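Heads up, the thing below is written out as structure tokens.
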Amino acid sequence: MEYYRVEKSDGKWSLYDNNGRDFFSLGVDCVTVVDVDLELNNEVYTLDSQWFPRWMDVKLSEMGKMGFNTLGAWHHRHFWGNGYPKAVELRLSQHAKKVNTVWGMGFPDVFDESFDVSIHKSLIDIFHGGGASLLQDEGVIGYYTDNEIHWWGSGGYWGDNEQAERGWSNTALVDDFIGLGPEASGKKRWVRFLSEKHGSIEALNERWDSEYSSFKDLLYANRYRARPEILQMDKLEFLRLVAKTYFEKTDSILKAYDPKRLNLGCRYVGNSTPDVVLKEGSRYVDIDSFNFYSMSLPEEYLEYAYEITKKPMMITEFSYCAGREAGFLESNNGSRNVIVKSQERRAECYGAFVKSARKLPFMLGTHWFAMFDYGRNVHGLIGNYGLYDLNAKPYANFIKGVAHANQEIKGNSSSARGAGLSSKL
């Protein structure tokens, strides 16, 4: 079996599909049923045990006609094994002990044995449960190890989408490790790190301008007496160790289960990821994944990030949302940043975003969020994210503009793979 791969030639990165053709990934996230009310009188299906697979296959066919060629994150497992290009989110940290609990899932204590167990458990659930067909699925581009884990910590902010300050070094995540109790693995590793770096408590006291009697004292403290600039350097080095541990473990264990597929990273949020994390991650991932809710592609930041990582990228989540016109007087999460006045305006913004991305020599794809609107709080999301509304009715004017932009992108690419794949279903 051939596998998806990335290569760089003459300064430009390319993603090649399993037939060796250049492939720019135009994806849709959440090709599944979440908040949607289905009207069960459509001629597409009758009410029997196979109505849902038929309905999903029709939606996939419609997606192909819009010019999309990839199933993005959180598509339904019905599609696993069908050979259609897809990216799969594994959420390897889900069962691990956490150092914070922000965003519903928190950041894993990567130094605790529960993190290793979580990675294995998640992969066993996927590859030896309902997802065993992925291992034989020729369409698997690769895997996201997690989704939007908070590298900026609970004391940081939900990633802005504008240009970050160069050399940015937010170490709020390390403050979360410092705030752990003395029995936590992450707190013990932090203190051991200080011992290894400074050598003796006397040396640490001299550099910190502190008066601790033993490194054990640091296990019980969640704030330190220390020179801010010296403590900041220590925290930055520890953040690098956290990142190295996360990426090294997730990559090595994932490759033990499926060694041939691409590591698509952990879906960074906007520009909120500290530079040292980007650098460490680049040693392990094959493609960096970024999620942005911004009115235009943040090219300056992406070029800066590429200077650090030297790895190709995909935008794995972006959207534009009409508010009142689509019936959403309230919107939350990413949609709040990208409210526009009409479906036609959504299409205009979509086209500008994907065309700008296609021009970047390190960009390999853009994935739209999402297939359907959200509004019934099943997952806490509210907004006009969808290609379809909450009754699975298409936004015709938006879809027309999306299809035009996607076909223009494909016309500038050597691969038109996605246009014909739905015929296999």
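Letters A, B, ... go to the chains of the structure tokens in the order shown; residues in each chain start at 1; ligands are counted from 1 in the same order.
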Range 122-137 of chain A surroundings by only C-alpha atoms, 6 Å radius, close-in-sequence under 5 positions cut, as a CSV table (one decimal) with C-alpha atoms, in the first residue's frame:
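Generated file (result-v8.csv):
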```
chain,number,residue,atom,x,y,z
A,80,TRP,CA,-13.4,4.5,8.1
A,81,GLY,CA,-12.2,2.0,5.6
A,83,GLY,CA,-10.5,4.9,1.0
A,92,LEU,CA,-4.3,10.8,23.2
```
Shell around Lys400 in chain A at 10 Å using only C-alpha atoms, local window under 6 positions removed, as a list in words
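Result of the neighbour search: Met66, Gln343, Glu344 and Ala347 of chain A.
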For the selection just defined, write its residues with N, CA and C atoms to a file, as a PDB file, in the first residue's frame.
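What landed in again33.pdb:
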```pdb
ATOM      1  N   MET A  66     -19.072  20.081  -3.875  1.00  0.00           N
ATOM      2  CA  MET A  66     -18.671  21.432  -3.455  1.00  0.00           C
ATOM      3  C   MET A  66     -17.184  21.676  -3.673  1.00  0.00           C
ATOM      4  N   GLN A 343     -24.628  35.253   4.007  1.00  0.00           N
ATOM      5  CA  GLN A 343     -24.031  34.042   3.450  1.00  0.00           C
ATOM      6  C   GLN A 343     -23.102  34.384   2.289  1.00  0.00           C
ATOM      7  N   GLU A 344     -23.443  35.399   1.540  1.00  0.00           N
ATOM      8  CA  GLU A 344     -22.567  35.820   0.452  1.00  0.00           C
ATOM      9  C   GLU A 344     -21.227  36.316   0.989  1.00  0.00           C
ATOM     10  N   ALA A 347     -19.061  33.401   1.955  1.00  0.00           N
ATOM     11  CA  ALA A 347     -18.406  32.816   0.783  1.00  0.00           C
ATOM     12  C   ALA A 347     -17.215  33.646   0.338  1.00  0.00           C
TER      13      ALA A 347
END
```
Using only C-alpha atoms, find each residue in range 174-221 of chain A having at least one atom no more than 12 Å away from range 228-231 of chain A; report its shortest atom-to-atom pair and that distance in Å (one decimal), rows by chain then rising number, as a Markdown table.
```
| residue | atom | partner | partner_atom | distance |
| --- | --- | --- | --- | --- |
| A:Val174 | CA | A:Leu231 | CA | 10.8 |
| A:Asp175 | CA | A:Leu231 | CA | 10.9 |
| A:Ile178 | CA | A:Leu231 | CA | 11.8 |
| A:Leu194 | CA | A:Leu231 | CA | 10.1 |
| A:His198 | CA | A:Ile230 | CA | 11.4 |
| A:Leu204 | CA | A:Ile230 | CA | 9.9 |
| A:Asn205 | CA | A:Ile230 | CA | 11.1 |
| A:Glu206 | CA | A:Ile230 | CA | 10.7 |
| A:Arg207 | CA | A:Ile230 | CA | 7.1 |
| A:Trp208 | CA | A:Ile230 | CA | 6.5 |
| A:Asp209 | CA | A:Ile230 | CA | 9.6 |
| A:Ser210 | CA | A:Leu231 | CA | 11.2 |
```
List as CSV every residue of range 10-95 of chain A that is in contact with range 364-373 of chain A, defined as an atom at most 12 Å from one of its atoms (using only C-alpha atoms), together with the nearest atom pair and the distance in Å rounded to one decimal, sorted by chain and then rising number.
```
residue,atom,partner,partner_atom,distance
A:Lys12,CA,A:Leu364,CA,10.0
A:Trp13,CA,A:Leu364,CA,7.4
A:Ser14,CA,A:Leu364,CA,6.5
A:Leu15,CA,A:Leu364,CA,6.2
A:Tyr16,CA,A:Leu364,CA,9.8
A:Asp17,CA,A:Leu364,CA,11.7
A:Asp22,CA,A:Leu364,CA,9.7
A:Phe23,CA,A:Leu364,CA,7.8
A:Phe24,CA,A:Gly365,CA,5.2
A:Ser25,CA,A:Gly365,CA,4.2
A:Leu26,CA,A:Thr366,CA,5.3
A:Gly27,CA,A:His367,CA,4.1
A:Val28,CA,A:Trp368,CA,4.8
A:Asp29,CA,A:Ala370,CA,4.9
A:Cys30,CA,A:Ala370,CA,5.6
A:Val31,CA,A:Met371,CA,5.4
A:Thr32,CA,A:Met371,CA,7.5
A:Val33,CA,A:Phe372,CA,8.0
A:Val34,CA,A:Phe372,CA,8.1
A:Asp35,CA,A:Asp373,CA,7.5
A:Val36,CA,A:Phe372,CA,7.1
A:Asp37,CA,A:Phe372,CA,10.4
A:Leu38,CA,A:Phe372,CA,11.6
A:Met56,CA,A:Met371,CA,11.4
A:Lys59,CA,A:Met371,CA,9.2
A:Leu60,CA,A:Met371,CA,10.2
A:Glu62,CA,A:Met371,CA,10.9
A:Met63,CA,A:Met371,CA,8.9
A:Met66,CA,A:Met371,CA,11.8
A:Phe68,CA,A:His367,CA,9.0
A:Asn69,CA,A:His367,CA,9.9
A:Thr70,CA,A:His367,CA,8.0
A:Leu71,CA,A:His367,CA,8.5
A:Gly72,CA,A:His367,CA,6.2
A:Ala73,CA,A:His367,CA,8.6
A:Trp74,CA,A:Ala370,CA,9.8
A:His75,CA,A:Met371,CA,9.4
A:His76,CA,A:Met371,CA,11.5
A:Lys86,CA,A:His367,CA,10.8
A:Ala87,CA,A:His367,CA,10.0
```
Exercise: Lys279 in chain A partners within 6 Å, only C-alpha atoms, chain neighbours under 2 positions left out, as an NGL selection string
:A and (276-277 or 281-282 or 308-309)
Convert the current residue selection to file output with C-alpha atoms, as a compact mmCIF listing (two decimals), in the first residue's frame.
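The resulting out.txt:
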```txt
# COMPACT_ATOMS: atom_id res chain seq x y z
CA VAL A 276 9.78 26.75 22.39
CA VAL A 277 6.80 24.40 21.98
CA GLY A 281 7.13 19.83 18.25
CA SER A 282 8.84 20.27 14.89
CA ILE A 308 10.85 28.27 13.75
CA THR A 309 9.59 24.85 12.68
```
Find, counting only C-alpha atoms, the residue in A:Phe52, A:Phe398, A:Phe238, A:Tyr220 that gets nearest to Ala184 in chain A.
A:Tyr220
Would you work out the distance separating CA of Asp109 in chain A from CA of Ala172 in chain A, expressed in Å to one decimal?
14.5 Å
Gap from CA of Leu262 in chain A to CA of Gly20 in chain A - Å, one decimal
14.9 Å
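Proximity to Arg54 in chain A was assessed for A:Phe79, A:Lys355, A:Arg223, A:Tyr304 counting only C-alpha atoms; the smallest distance is recorded for A:Phe79.
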Shortest interatomic distance to Gly64 in chain A - which of A:Asn412, A:Ser9, A:Gln232, A:Gln407, counting only C-alpha atoms
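The answer is A:Gln407, which sits nearest to Gly64 in chain A.
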Skipping near chain neighbours, those fewer than 6 positions away, what residues fall within 7 Å of Arg91 in chain A using only C-alpha atoms, listed as an MDAnalysis selection string?
chainID A and resid 145:147
Just write the chosen residues, C-alpha atoms, as a compact mmCIF listing (two decimals), in the first residue's frame.
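Just written: again.txt:
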```txt
# COMPACT_ATOMS: atom_id res chain seq x y z
CA THR A 145 -2.53 13.51 18.52
CA ASP A 146 -4.86 15.87 20.43
CA ASN A 147 -7.12 18.86 19.95
```
Please compute the CA of Pro274 in chain A-CA of Met313 in chain A distance, one decimal, in Å.
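Distance between the two atoms: 16.7 Å.
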Go through range 134-343 of chain A and collect every residue that DSSP, computed from the backbone, puts in alpha helix (DSSP H); the answer should be as JSON, numbers by chain.
{"A": [172, 173, 174, 175, 176, 177, 178, 185, 186, 187, 188, 189, 190, 191, 192, 193, 194, 195, 196, 197, 198, 201, 202, 203, 204, 205, 206, 207, 208, 215, 216, 217, 218, 219, 220, 228, 229, 230, 231, 232, 233, 234, 235, 236, 237, 238, 239, 240, 241, 242, 243, 244, 245, 246, 247, 248, 249, 250, 251, 252, 253, 254, 255, 256, 257, 275, 276, 277, 278, 279, 280, 281, 299, 300, 301, 302, 303, 304, 305, 306, 307, 308, 309, 343]}
Out of range 72-277 of chain A, which residues get strand (DSSP E or B) from DSSP, as a PyMOL selection string?
chain A and resi 86-89+98+108+140-144+262-263+268-269
Selected residues written out, N, CA and C atoms, as a PDB file, in the first residue's frame:
```
ATOM      1  N   LYS A  86      -8.781  11.312   4.568  1.00  0.00           N
ATOM      2  CA  LYS A  86      -9.299  11.680   5.886  1.00  0.00           C
ATOM      3  C   LYS A  86      -8.173  11.940   6.869  1.00  0.00           C
ATOM      4  N   ALA A  87      -8.445  12.811   7.842  1.00  0.00           N
ATOM      5  CA  ALA A  87      -7.542  13.061   8.958  1.00  0.00           C
ATOM      6  C   ALA A  87      -8.301  12.721  10.235  1.00  0.00           C
ATOM      7  N   VAL A  88      -7.659  11.985  11.140  1.00  0.00           N
ATOM      8  CA  VAL A  88      -8.342  11.433  12.310  1.00  0.00           C
ATOM      9  C   VAL A  88      -7.750  12.020  13.582  1.00  0.00           C
ATOM     10  N   GLU A  89      -8.630  12.537  14.454  1.00  0.00           N
ATOM     11  CA  GLU A  89      -8.190  13.064  15.745  1.00  0.00           C
ATOM     12  C   GLU A  89      -8.273  11.966  16.792  1.00  0.00           C
ATOM     13  N   LYS A  98      -4.408  15.524  34.872  1.00  0.00           N
ATOM     14  CA  LYS A  98      -4.273  16.855  34.285  1.00  0.00           C
ATOM     15  C   LYS A  98      -3.591  17.828  35.241  1.00  0.00           C
ATOM     16  N   PRO A 108      -2.387  17.532  29.954  1.00  0.00           N
ATOM     17  CA  PRO A 108      -1.972  16.315  30.657  1.00  0.00           C
ATOM     18  C   PRO A 108      -0.695  16.497  31.453  1.00  0.00           C
ATOM     19  N   VAL A 140      -6.221   7.309   4.709  1.00  0.00           N
ATOM     20  CA  VAL A 140      -5.777   7.993   5.927  1.00  0.00           C
ATOM     21  C   VAL A 140      -4.544   8.845   5.635  1.00  0.00           C
ATOM     22  N   ILE A 141      -4.717  10.150   5.731  1.00  0.00           N
ATOM     23  CA  ILE A 141      -3.589  11.068   5.558  1.00  0.00           C
ATOM     24  C   ILE A 141      -2.682  11.003   6.781  1.00  0.00           C
ATOM     25  N   GLY A 142      -3.311  11.058   7.960  1.00  0.00           N
ATOM     26  CA  GLY A 142      -2.538  11.008   9.191  1.00  0.00           C
ATOM     27  C   GLY A 142      -3.432  11.263  10.378  1.00  0.00           C
ATOM     28  N   TYR A 143      -2.795  11.479  11.536  1.00  0.00           N
ATOM     29  CA  TYR A 143      -3.510  11.575  12.800  1.00  0.00           C
ATOM     30  C   TYR A 143      -3.131  12.841  13.557  1.00  0.00           C
ATOM     31  N   TYR A 144      -4.150  13.482  14.159  1.00  0.00           N
ATOM     32  CA  TYR A 144      -3.914  14.532  15.141  1.00  0.00           C
ATOM     33  C   TYR A 144      -3.774  13.849  16.495  1.00  0.00           C
ATOM     34  N   LEU A 262       1.116   9.848   8.666  1.00  0.00           N
ATOM     35  CA  LEU A 262       1.707  11.117   9.074  1.00  0.00           C
ATOM     36  C   LEU A 262       1.222  11.554  10.447  1.00  0.00           C
ATOM     37  N   ASN A 263       2.113  12.157  11.213  1.00  0.00           N
ATOM     38  CA  ASN A 263       1.777  12.801  12.481  1.00  0.00           C
ATOM     39  C   ASN A 263       1.395  14.242  12.166  1.00  0.00           C
ATOM     40  N   TYR A 268      -2.722  23.321  17.067  1.00  0.00           N
ATOM     41  CA  TYR A 268      -2.430  24.526  17.841  1.00  0.00           C
ATOM     42  C   TYR A 268      -3.559  25.557  17.701  1.00  0.00           C
ATOM     43  N   VAL A 269      -3.825  26.267  18.778  1.00  0.00           N
ATOM     44  CA  VAL A 269      -4.867  27.291  18.790  1.00  0.00           C
ATOM     45  C   VAL A 269      -4.287  28.641  18.413  1.00  0.00           C
TER      46      VAL A 269
END
```
Distance criterion (only C-alpha atoms): nearest to Glu2 in chain A out of A:Lys310, A:Arg267, A:Lys260, A:Lys187
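Closest residue, counting only C-alpha atoms: A:Lys260.
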Considering only C-alpha atoms, state which residue in the set A:Phe111, A:Phe193, A:Tyr306, A:Tyr385 is at the smallest distance from Ser289 in chain A.
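Smallest separation from Ser289 in chain A among the options: A:Tyr306.
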